[in-house]
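Structure first, commentary second.
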Amino acid sequence: MPKLQGFEFWSRTLGGARHVVAPMVDQSELAWRLLSRRHGAQLCYTPMLHAQVFVRDANYRKENLYCEVCPEDRPLIVQFCANDPEVFVQAALLAQDYCDAIDLNLGCPQMIAKRGHYGAFLQEEWDLLQRMILLAHEKLSVPVTCKIRVFPEIDKTVRYAQMLEKAGCQLLTVHGRTKEQKGPMAGTASWEHIKAVRKAVGIPVFANGNIRCLQDVERCIQDTGVQGVMSAEGNLHNPALFEGRSPAVWELAEEYLQIVQQHPCPLSYVRAHLFKLWHHTLQVHQQLREELAKVKTLEGVAAVSQALKLRCQAGLGPLQEDMSRQQEGVRPAGDLPAFHWICQPYIRPGPKEGSKENSGSRSKRALEEEEGSVDGLSKNKLKKQLRNPHKTFDPSLKPKYAKCDQCGNPKGNRCVFNLCRGCCKKRAFRETADCPGHGLLFKTKLEKSLAWKETQPGLQDQQVRPGTPGGFSEVMGSALA
């Protein structure tokens, strides 16, 4: 069967999906995808998977994809992060039979993506991206798609999208923020960028950013002309967003926990979802927030969720009365648009207003210092320091490691080749050499094996040369035997 492309792929394979759940690390697992599909989602992505780990680790493949196969979980797109064309295609070939398309993550703005050299930190390497998309388009039996962030300039963003389309991308998701817009600095996504991309390419486009309710979805489609809208944070706080409903939190929490019993996932995923769903209520019932953080079993998580439900119902009176009060226009106290026990979006607080000189250049560290971090340390670093009072985060006191001449990992201080252990092992084997610093004794072992062979009359007439049949590998095998 020929591989469908572009709009034919979107309309036939994806069913013309307009409501899309975003790929979210540790958050868009099978149980959450099934919950979202029950409440209006028409297409889901897996969490981002690391292509290199997916290729080399069978358990990683099993835990993150193969064991999560479910007939109800289609259409499904598997997303990978990668920076090597061959590795990306190898991972995609292992995954293509379990999904409807393969997506390349070009939108992750986090520091881990910068260190790993993937996600949005590849957006300037157009030659590499062209090779990755082109090779995947040629080798895979399913379409390849991309999720990107925008550049500050609209024209550069448009050229970027056109380059990906020309390379073989069949569907493009555009997050209307730059890679610098994240966390407290996220700001508003630019639909103008998305609109310009949609007009400039001949493939389906999904929009991502500024989606808090169904009205935002409809307005985004109307304003930008995109084929579909993707939601991440909006979906986490209200999985019924695509239905246009804002149900009581416990309704969706209980349904999700029932699905988890059928399709288990790590408890950390479940806890994180309930923290999102109950976010506003946990600001009121702080002690239950601490209990939710401490429980170690699924039953314990369900018990805390039930306790939150009972407190909400007890504090607000009969449920029907509260429902009618909200319908009659009675507004809750505080800044929330609805009662705290109603599923509603979380409005991320922006950075505090400062002088014009500092605006646009305020880092996350500066924001943490404003909120009272001690000695300029983040909350995570303070926790580490509590566990180990002698730990220091001063860069000048950290040991400096010389880098391997080949791969950039720390080299062995006593390596004769100035390499890390992995590179040293390959070279020492290739050259039949020793490296005492890494405990690699290929030359010594070969000499011992030859000496041993000379004591065996029946083997003396065989020539021994490393790297040939009957050579080093065979001699070493004989010596070990």
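Every chain in the structure tokens has a letter given in the order shown (A, B, ...), and although residue numbers restart at 1 in each chain, ligands are simply numbered from 1 in the order shown.
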- Query: Neighbours of Phe151 (chain A) within 10 Å (only C-alpha atoms; same-chain residues fewer than 5 positions away dropped), as a list of chain:residue names?
  - Reply: A:Gln123, A:Glu124, A:Lys156, A:Thr157, A:Val158, A:Tyr160, A:Gly176, A:Arg177, A:Thr178, A:Lys179, A:Glu180, A:His193
- Query: Do you know which residues are at most 12 Å from Arg427 (chain A) counting only C-alpha atoms, after dropping those on the same chain fewer than 5 positions away, and could you put them as number ranges by chain?
  - Reply: A: 406, 415-422, 432-435, 440-443
- Taking the chain letters and numbering used in this document, name the residues of region 257-323 of chain A that DSSP puts in alpha helix (DSSP H), as a ChimeraX atom specification. /A:257-262,267-277,279-284,286-294,298-316,319-323
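The neighbours of Lys3 (chain A) here are the residues that come within 9 Å of it, using only C-alpha atoms and leaving out any residue fewer than 5 positions away in the same chain; they are Phe9, Leu140, Ser141, Val142 and Pro143 of chain A.
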Give me a file of those residues, with N, CA, C and O atoms, as a PDB file, in the first residue's frame.
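Result file out.pdb:
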```
ATOM      1  N   PHE A   9      -2.883  12.104   3.907  1.00  0.00           N
ATOM      2  CA  PHE A   9      -2.516  11.435   5.159  1.00  0.00           C
ATOM      3  C   PHE A   9      -3.336  11.983   6.322  1.00  0.00           C
ATOM      4  O   PHE A   9      -3.868  11.233   7.144  1.00  0.00           O
ATOM      5  N   LEU A 140      11.025   5.020   5.708  1.00  0.00           N
ATOM      6  CA  LEU A 140       9.898   4.603   6.539  1.00  0.00           C
ATOM      7  C   LEU A 140       8.668   4.262   5.709  1.00  0.00           C
ATOM      8  O   LEU A 140       8.450   4.824   4.629  1.00  0.00           O
ATOM      9  N   SER A 141       7.835   3.393   6.265  1.00  0.00           N
ATOM     10  CA  SER A 141       6.568   3.056   5.622  1.00  0.00           C
ATOM     11  C   SER A 141       5.430   3.941   6.099  1.00  0.00           C
ATOM     12  O   SER A 141       4.313   3.849   5.599  1.00  0.00           O
ATOM     13  N   VAL A 142       5.709   4.784   7.097  1.00  0.00           N
ATOM     14  CA  VAL A 142       4.718   5.749   7.597  1.00  0.00           C
ATOM     15  C   VAL A 142       5.278   7.156   7.390  1.00  0.00           C
ATOM     16  O   VAL A 142       6.493   7.335   7.276  1.00  0.00           O
ATOM     17  N   PRO A 143       4.421   8.172   7.356  1.00  0.00           N
ATOM     18  CA  PRO A 143       4.899   9.542   7.142  1.00  0.00           C
ATOM     19  C   PRO A 143       5.745  10.044   8.308  1.00  0.00           C
ATOM     20  O   PRO A 143       5.626   9.576   9.447  1.00  0.00           O
TER      21      PRO A 143
END
```
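In terms of minimum interatomic distance to Asp405 (chain A), A:Cys423 ranks closest within A:Cys423, A:Arg387, A:Lys453, A:Leu446, counting only C-alpha atoms.
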- Find the residues near Pro349 (chain A): any atom within 10 Å, counting only C-alpha atoms, skip ones fewer than 3 places away on the same chain, and give them as an MDAnalysis selection string. chainID A and resid 183:187 346 352
Could those selected residues go to a file with N, CA and C atoms, as a PDB file, in the first residue's frame?
```pdb
ATOM      1  N   GLY A 183       8.806  28.472  30.825  1.00  0.00           N
ATOM      2  CA  GLY A 183       8.647  28.715  32.261  1.00  0.00           C
ATOM      3  C   GLY A 183       8.014  30.076  32.529  1.00  0.00           C
ATOM      4  N   PRO A 184       8.541  30.808  33.492  1.00  0.00           N
ATOM      5  CA  PRO A 184       7.987  32.128  33.818  1.00  0.00           C
ATOM      6  C   PRO A 184       8.123  33.131  32.674  1.00  0.00           C
ATOM      7  N   MET A 185       9.005  32.839  31.724  1.00  0.00           N
ATOM      8  CA  MET A 185       9.227  33.753  30.615  1.00  0.00           C
ATOM      9  C   MET A 185       8.426  33.347  29.375  1.00  0.00           C
ATOM     10  N   ALA A 186       7.453  32.451  29.532  1.00  0.00           N
ATOM     11  CA  ALA A 186       6.754  31.897  28.365  1.00  0.00           C
ATOM     12  C   ALA A 186       6.030  32.968  27.565  1.00  0.00           C
ATOM     13  N   GLY A 187       5.291  33.826  28.234  1.00  0.00           N
ATOM     14  CA  GLY A 187       4.561  34.862  27.505  1.00  0.00           C
ATOM     15  C   GLY A 187       3.480  34.268  26.622  1.00  0.00           C
ATOM     16  N   TYR A 346      -4.739  26.727  34.209  1.00  0.00           N
ATOM     17  CA  TYR A 346      -3.797  27.350  35.141  1.00  0.00           C
ATOM     18  C   TYR A 346      -3.105  28.488  34.402  1.00  0.00           C
ATOM     19  N   LYS A 352       7.988  39.364  37.335  1.00  0.00           N
ATOM     20  CA  LYS A 352       7.581  40.621  37.944  1.00  0.00           C
ATOM     21  C   LYS A 352       8.030  41.786  37.080  1.00  0.00           C
TER      22      LYS A 352
END
```
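Every protein or nucleic acid residue with an atom no more than 8 Å from region 6-8 of chain A, counting only C-alpha atoms and leaving out same-chain residues fewer than 4 positions away, appears here: Arg12, Thr13, Gln170, Leu171, Gly202, Ile203 and Pro204 of chain A.
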Next, write the just-selected residues to a file, as a CSV table (one decimal), in the first residue's frame, keeping N, CA and C atoms as the atom set.
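Result file again_38.csv:
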```
chain,number,residue,atom,x,y,z
A,12,ARG,N,-7.3,10.9,5.7
A,12,ARG,CA,-7.6,9.5,5.7
A,12,ARG,C,-7.0,8.7,6.9
A,13,THR,N,-5.7,8.9,7.1
A,13,THR,CA,-5.1,8.1,8.2
A,13,THR,C,-5.4,8.8,9.6
A,170,GLN,N,5.5,15.7,6.3
A,170,GLN,CA,4.1,15.6,5.8
A,170,GLN,C,3.1,16.3,6.7
A,171,LEU,N,3.5,16.7,7.8
A,171,LEU,CA,2.6,17.5,8.7
A,171,LEU,C,3.5,18.3,9.7
A,202,GLY,N,2.4,23.7,1.8
A,202,GLY,CA,1.3,22.9,1.2
A,202,GLY,C,1.0,21.6,1.9
A,203,ILE,N,1.3,21.6,3.2
A,203,ILE,CA,1.0,20.4,4.1
A,203,ILE,C,0.2,20.8,5.2
A,204,PRO,N,-0.5,19.9,5.9
A,204,PRO,CA,-1.4,20.3,7.1
A,204,PRO,C,-0.5,20.9,8.2
```
- Message: So that I can check the surroundings of Glu233 (chain A), please list as an NGL selection string every protein, DNA and RNA residue that reaches within 9 Å of it, counting only C-alpha atoms and ignoring chain neighbours fewer than 5 positions away.
- Response: :A and (22 or 211-212 or 238 or 276 or 345-346)
